[in-house]
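The structure appears below as structure tokens.
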Amino acid sequence: MSAQVDPEFEKQVDEVISHYPASKRSASLPLLHLWQEKYGYVSEEGIHWIAEKLGLQPVNILELVTFYPMFRQKPIGRHHIRVCRTLSCSLNGAYDVFEHFKKITGATGDEHGPITSPDGKFTVEFVECLASCGTAPVVMLGDELHEKVTIKSAEQIIQSCH
Amino acid sequence: MPVQERRIILKHIDQPGYTIDIDCYLKHGGYETLKKALKLPPAQIKDEVKKSQLRGRGGAGFSCGMKWGFIDPSKTQKPIYLICNADESDPGTFKDRQIIHKDPHQLLEGMIISCFANSVKLAYIYIRGEFPIGARILEKALAEARAKNFLGKNILGSGYDLEIYVHRGAGAYICGEETGLIESLEGKRPYPRIKPPYFPAVLGLYMAPTIVNNVETLCNVLHVVEMGSEAFAKIGRPNNTGTRILCVSGDVNKPGYHEFECGVITMGELINDICGGIRNGNKLKAVIPGGSSAKVLRAESKFKMKQKGPDGNMTEKEIGLLDIPLDFDSLAAVGSMAGSGGIIVMDHTRDMVESMANLSEFYAHESCGQCTPCREGSLWMKKILTRMTHGKARKEDTALLKNVADNIAGRTICAFGEACAWPVQGFIANFKEEFEAKATKR
């Protein structure tokens, strides 16, 4: 059940594989990142495609997707908000910030994982230490880091999302 | 007068006008040390690093020269690999982030010199998945270095070939453990390997000799070669040479990162003079001195410190928390550790059981699940602490919690077992009354 991918994507994939001359299997994580960046999540189709590309069994890829917290098997909202939960951020109000993000986006749930708003626009997620404890609490909006986040700046972050 | 910072690694970081472009780095003397190093015999660079007494900045404080010394390129038929551990994720630590995002070429130059010294032809930077911008910055810096022939084939006409690639993690803290990191780089789940036999220097990446060094350590190698081992060893204290980037967070007025000679500044000077003291006029209650797995220290505790006097005799001195010099040996002497340099400060308003519960959730989330004591223990510690913070503590919970922790440490493949047990042991030893009070308040 091999998926059809566009040639540009496959070119990127081949370039990444060339970084690991001793073992193609090393390209598993980079390929999962590439797939997730392009398609939003890692589908079963993606797992099979990557496995085939690297000469592995699909389970070799699936076990990575289920282990590494950043990979997901379902789509998330258009805007991904990751709130750091760990000690220095929590001492500086991360739990309030997290609750506020859930409130203003309409996302409900308590799980330590992605929580998506009913309209599918936002996914709010509590994550562990983002290594910016000196500017706590911190939040990642997509790839971008926001520092010293307050209830007020949380609202500005949401307003900046279209 | 407060102790002055000694910025060697952070020298240009946050300077107005200093950018991450290679041109800016070159204007500030960048890659000159590489040119010098390429003319030296690799064994001489290794010897310099050994003589500098440089200790690893990732957490364990292991001698860098000794780590490198385990590998003899003339005695192996296999390729030798070097991996830069840029998986910075120990709660409280945010130093490597600054280097990667603000001075990537310093890291690359240190890394290229380290690779040359160890006859490495292929190296990787394992950067945590949550640094996507950092990964792009490093990719761009590598491309710039390649274009100037600081990387690639026949570097600057020396006959030496080297390639470095960036490899991104995907959100698992255990990848910072060096053998877990290697498994991850091989495309597997990052289950740490058992030592012996899997010492990275012998059976590392692809079962070949491998060196894993922290970002800050590799930057230090650059400065050892630049200034010479003798000058480097004069910075700091004997066996604690060079500078250390200290990251301060929590309840201080001015959190941040600062670079000092190892051991010249005390905890009190750092918290009060450099970081503006405890915020909101509150009182200091506790400090976690070296990343979240370091044992917590209580403000009013007294510590017995052995010191070598001028006559060479050992004397014992009693000191307070604020008098502890910040270096590897002093923090080990008071029963904690310098670890990764992350200092978390807590004031008198903080509930120590809540703080411990917060950390226990981190460890339960990050245990890789390979060893039963850690997988089960970290989860049970979290469950017990959660009920303690929700008014459901039982009288026996404090003892139970300590018992679980005591039965993890020393019984796991990797040091994560200790990392999740030590904080619990430290918090209970120092704040037992707060844990026990939870049972009476239910």
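Residues are referred to by chain and number: the chain letter is A, B, ... according to the order shown in the structure tokens, the number counts from 1 in that chain, and ligands are numbered separately from 1 in the order shown.
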
Practice problem: Determine which residues of region 221-367 of chain B receive a DSSP assignment of strand (DSSP E or B), computed from the backbone, and state them as a ChimeraX atom specification. | Solution: /B:236-237,240-241,243-250,252,256-261,266,278,284-288,297-298,302-308,314-320,325,342-347

Exercise. Could you list, as a VMD selection string, the residues of chain A having an atom within 7 Å of chain B when counting only C-alpha atoms?
Key: chain A and resid 19 25 to 30 64 67 to 70 86 to 88 91 128 to 134 143

Self-check item: Computed interatomic separation between CA of Glu44 (chain A) and CA of Pro192 (chain B) (Å)
Solution: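 Straight-line distance from CA of Glu44 (chain A) to CA of Pro192 (chain B) works out to 27.6 Å.
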
Quiz prompt | Which of A:Cys161, A:Asp14, A:Asp110, A:Ala94 sits closest to Glu147 (chain A) [using only C-alpha atoms] | solution =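 Selected residue with least distance to Glu147 (chain A): A:Ala94.
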
Self-check item: helix (DSSP H, G or I) residues, from DSSP on the backbone, in region 76-296 of chain B, as JSON, numbers by chain
Solution: {"B": [95, 96, 97, 98, 99, 100, 101, 102, 104, 105, 106, 107, 108, 109, 110, 111, 112, 113, 114, 115, 116, 117, 132, 133, 134, 135, 136, 137, 138, 139, 140, 141, 142, 143, 144, 145, 146, 147, 155, 156, 157, 173, 174, 175, 176, 178, 179, 180, 181, 182, 183, 184, 185, 200, 201, 202, 203, 205, 206, 207, 215, 216, 217, 218, 219, 220, 221, 222, 223, 224, 225, 226, 227, 229, 230, 231, 232, 233, 267, 268, 269, 270, 271, 272, 273, 274, 279, 280, 281]}

Spatial neighbours of region 307-317 of chain B, 12 Å, only C-alpha atoms, chain gap at least 5 places, as an mmCIF file with N, CA and C atoms, in the first residue's frame:
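New file around.cif:
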data_model
loop_
_atom_site.group_PDB
_atom_site.id
_atom_site.type_symbol
_atom_site.label_atom_id
_atom_site.label_comp_id
_atom_site.auth_asym_id
_atom_site.auth_seq_id
_atom_site.Cartn_x
_atom_site.Cartn_y
_atom_site.Cartn_z
ATOM 1 N N PRO B 238 41.397 24.378 40.846
ATOM 2 C CA PRO B 238 41.949 23.076 40.457
ATOM 3 C C PRO B 238 40.844 22.018 40.388
ATOM 4 N N LYS B 302 23.018 23.778 57.408
ATOM 5 C CA LYS B 302 24.467 23.987 57.529
ATOM 6 C C LYS B 302 25.162 22.776 56.906
ATOM 7 N N ASP B 323 26.815 30.266 51.241
ATOM 8 C CA ASP B 323 28.288 30.317 51.176
ATOM 9 C C ASP B 323 28.870 29.264 50.254
ATOM 10 N N ILE B 324 28.033 28.409 49.681
ATOM 11 C CA ILE B 324 28.576 27.303 48.870
ATOM 12 C C ILE B 324 29.166 27.860 47.568
ATOM 13 N N PRO B 325 30.451 27.580 47.314
ATOM 14 C CA PRO B 325 31.032 27.996 46.028
ATOM 15 C C PRO B 325 30.435 27.137 44.911
ATOM 16 N N ASP B 329 33.001 20.179 42.675
ATOM 17 C CA ASP B 329 33.387 19.482 43.899
ATOM 18 C C ASP B 329 32.658 20.010 45.127
ATOM 19 N N SER B 330 32.442 21.331 45.196
ATOM 20 C CA SER B 330 31.775 21.888 46.381
ATOM 21 C C SER B 330 30.327 21.409 46.458
ATOM 22 N N ALA B 333 30.240 17.988 47.562
ATOM 23 C CA ALA B 333 30.592 17.882 48.982
ATOM 24 C C ALA B 333 29.397 18.167 49.894
ATOM 25 N N VAL B 334 28.451 18.979 49.443
ATOM 26 C CA VAL B 334 27.280 19.254 50.284
ATOM 27 C C VAL B 334 26.125 18.294 49.972
#

Quiz item: Between CA of Asn430 (chain B) and CA of Ser293 (chain B), what is the distance, to one decimal in Å?
Solution: 14.8 Å

Quiz item: Expressed in Å to a single decimal, how great is the separation between CA of Ser340 (chain B) and CA of Gly59 (chain B)?
Solution: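 Pair CA of Ser340 (chain B) / CA of Gly59 (chain B) returns 4.3 Å.
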
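Using only C-alpha atoms, the smallest distance between any of A:Tyr20, A:Pro114, A:Arg78, A:Glu15 and Tyr81 (chain B) comes from A:Tyr20.
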
Quiz item: What lies within 12 Å of Glu99 (chain A) using only C-alpha atoms, ignoring chain neighbours under 5 positions off, as an MDAnalysis selection string?
Solution: chainID A and resid 83 85 93:94 104:110 115 124:126 150:151 154

Residue subset to file, keeping N, CA and C atoms, as a CSV table (one decimal), in the first residue's frame:
chain,number,residue,atom,x,y,z
A,83,VAL,N,2.4,24.7,25.8
A,83,VAL,CA,2.7,25.4,27.1
A,83,VAL,C,3.6,24.6,27.9
A,85,ARG,N,5.2,23.1,31.1
A,85,ARG,CA,4.5,22.8,32.4
A,85,ARG,C,5.5,22.7,33.6
A,93,GLY,N,3.5,30.7,36.9
A,93,GLY,CA,2.1,30.8,36.4
A,93,GLY,C,1.7,30.0,35.2
A,94,ALA,N,2.5,28.9,34.8
A,94,ALA,CA,2.2,28.2,33.6
A,94,ALA,C,0.8,27.5,33.7
A,104,ILE,N,-10.0,30.3,26.3
A,104,ILE,CA,-10.2,31.2,25.1
A,104,ILE,C,-10.3,30.5,23.8
A,105,THR,N,-9.7,29.3,23.8
A,105,THR,CA,-9.8,28.6,22.5
A,105,THR,C,-11.0,27.6,22.5
A,106,GLY,N,-11.5,27.3,23.7
A,106,GLY,CA,-12.7,26.4,23.8
A,106,GLY,C,-12.2,24.9,23.8
A,107,ALA,N,-10.9,24.7,24.0
A,107,ALA,CA,-10.4,23.3,24.1
A,107,ALA,C,-10.7,22.8,25.5
A,108,THR,N,-11.2,21.6,25.6
A,108,THR,CA,-11.5,21.1,26.9
A,108,THR,C,-10.8,19.7,27.1
A,109,GLY,N,-10.3,19.5,28.3
A,109,GLY,CA,-9.6,18.2,28.6
A,109,GLY,C,-8.5,18.4,29.5
A,110,ASP,N,-8.0,17.4,30.2
A,110,ASP,CA,-7.0,17.5,31.1
A,110,ASP,C,-5.7,16.6,30.7
A,115,ILE,N,-4.8,18.8,23.0
A,115,ILE,CA,-6.2,19.0,23.2
A,115,ILE,C,-6.7,20.0,22.1
A,124,VAL,N,-4.1,22.9,22.0
A,124,VAL,CA,-3.4,23.4,23.2
A,124,VAL,C,-2.7,22.1,23.8
A,125,GLU,N,-1.5,22.2,24.2
A,125,GLU,CA,-0.8,21.0,24.7
A,125,GLU,C,0.2,21.4,25.9
A,126,PHE,N,0.1,20.7,27.0
A,126,PHE,CA,1.0,20.9,28.0
A,126,PHE,C,2.3,20.1,27.7
A,150,THR,N,1.9,36.0,29.8
A,150,THR,CA,0.9,36.4,30.8
A,150,THR,C,-0.5,36.1,30.3
A,151,ILE,N,-1.6,36.2,31.1
A,151,ILE,CA,-2.9,36.1,30.6
A,151,ILE,C,-3.2,37.0,29.4
A,154,ALA,N,-1.2,36.0,26.4
A,154,ALA,CA,-1.8,34.8,25.8
A,154,ALA,C,-2.9,35.2,24.8

Quiz prompt | Long-range neighbours of region 19-36 of chain B as an MDAnalysis selection string, 6 Å cut-off, only C-alpha atoms, 2 positions minimum in chain | solution = chainID B and resid 38:39 102:103 226

Quiz item: Any idea what's packed within 8 Å of Met140 (chain A), counting only C-alpha atoms, ignoring anything in its chain fewer than 6 positions away? Could you give it as a list in words?
Solution: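 Using only C-alpha atoms, the neighbours found are His80, Ile81, Arg82, Val83 and His146 of chain A.
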
Keeping only C-alpha atoms, write the selected residues as a short mmCIF file (atom, residue, chain, number, x, y, z; two decimals), in the first residue's frame.
data_model
loop_
_atom_site.label_atom_id
_atom_site.label_comp_id
_atom_site.auth_asym_id
_atom_site.auth_seq_id
_atom_site.Cartn_x
_atom_site.Cartn_y
_atom_site.Cartn_z
CA HIS A 80 -0.41 24.42 17.83
CA ILE A 81 0.14 26.00 21.23
CA ARG A 82 2.60 24.20 23.48
CA VAL A 83 2.70 25.44 27.06
CA HIS A 146 6.98 33.23 23.32
#

Quiz item: Which residue, A:Ile158, A:Leu31, A:Val127, A:Val65, has the smallest gap to Glu52 (chain A) when you use only C-alpha atoms?
Solution: A:Leu31

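Minimum distance to Thr389 (chain B) across B:Cys374, B:Ala437, B:Cys414, B:Leu54 (counting only C-alpha atoms) occurs at B:Ala437.
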
Quiz prompt | All residues 9 Å or closer to Lys438 (chain B), only C-alpha atoms, same chain fewer than 6 positions away omitted, as a PyMOL selection string | solution = chain B and resi 353+388-389+391-395
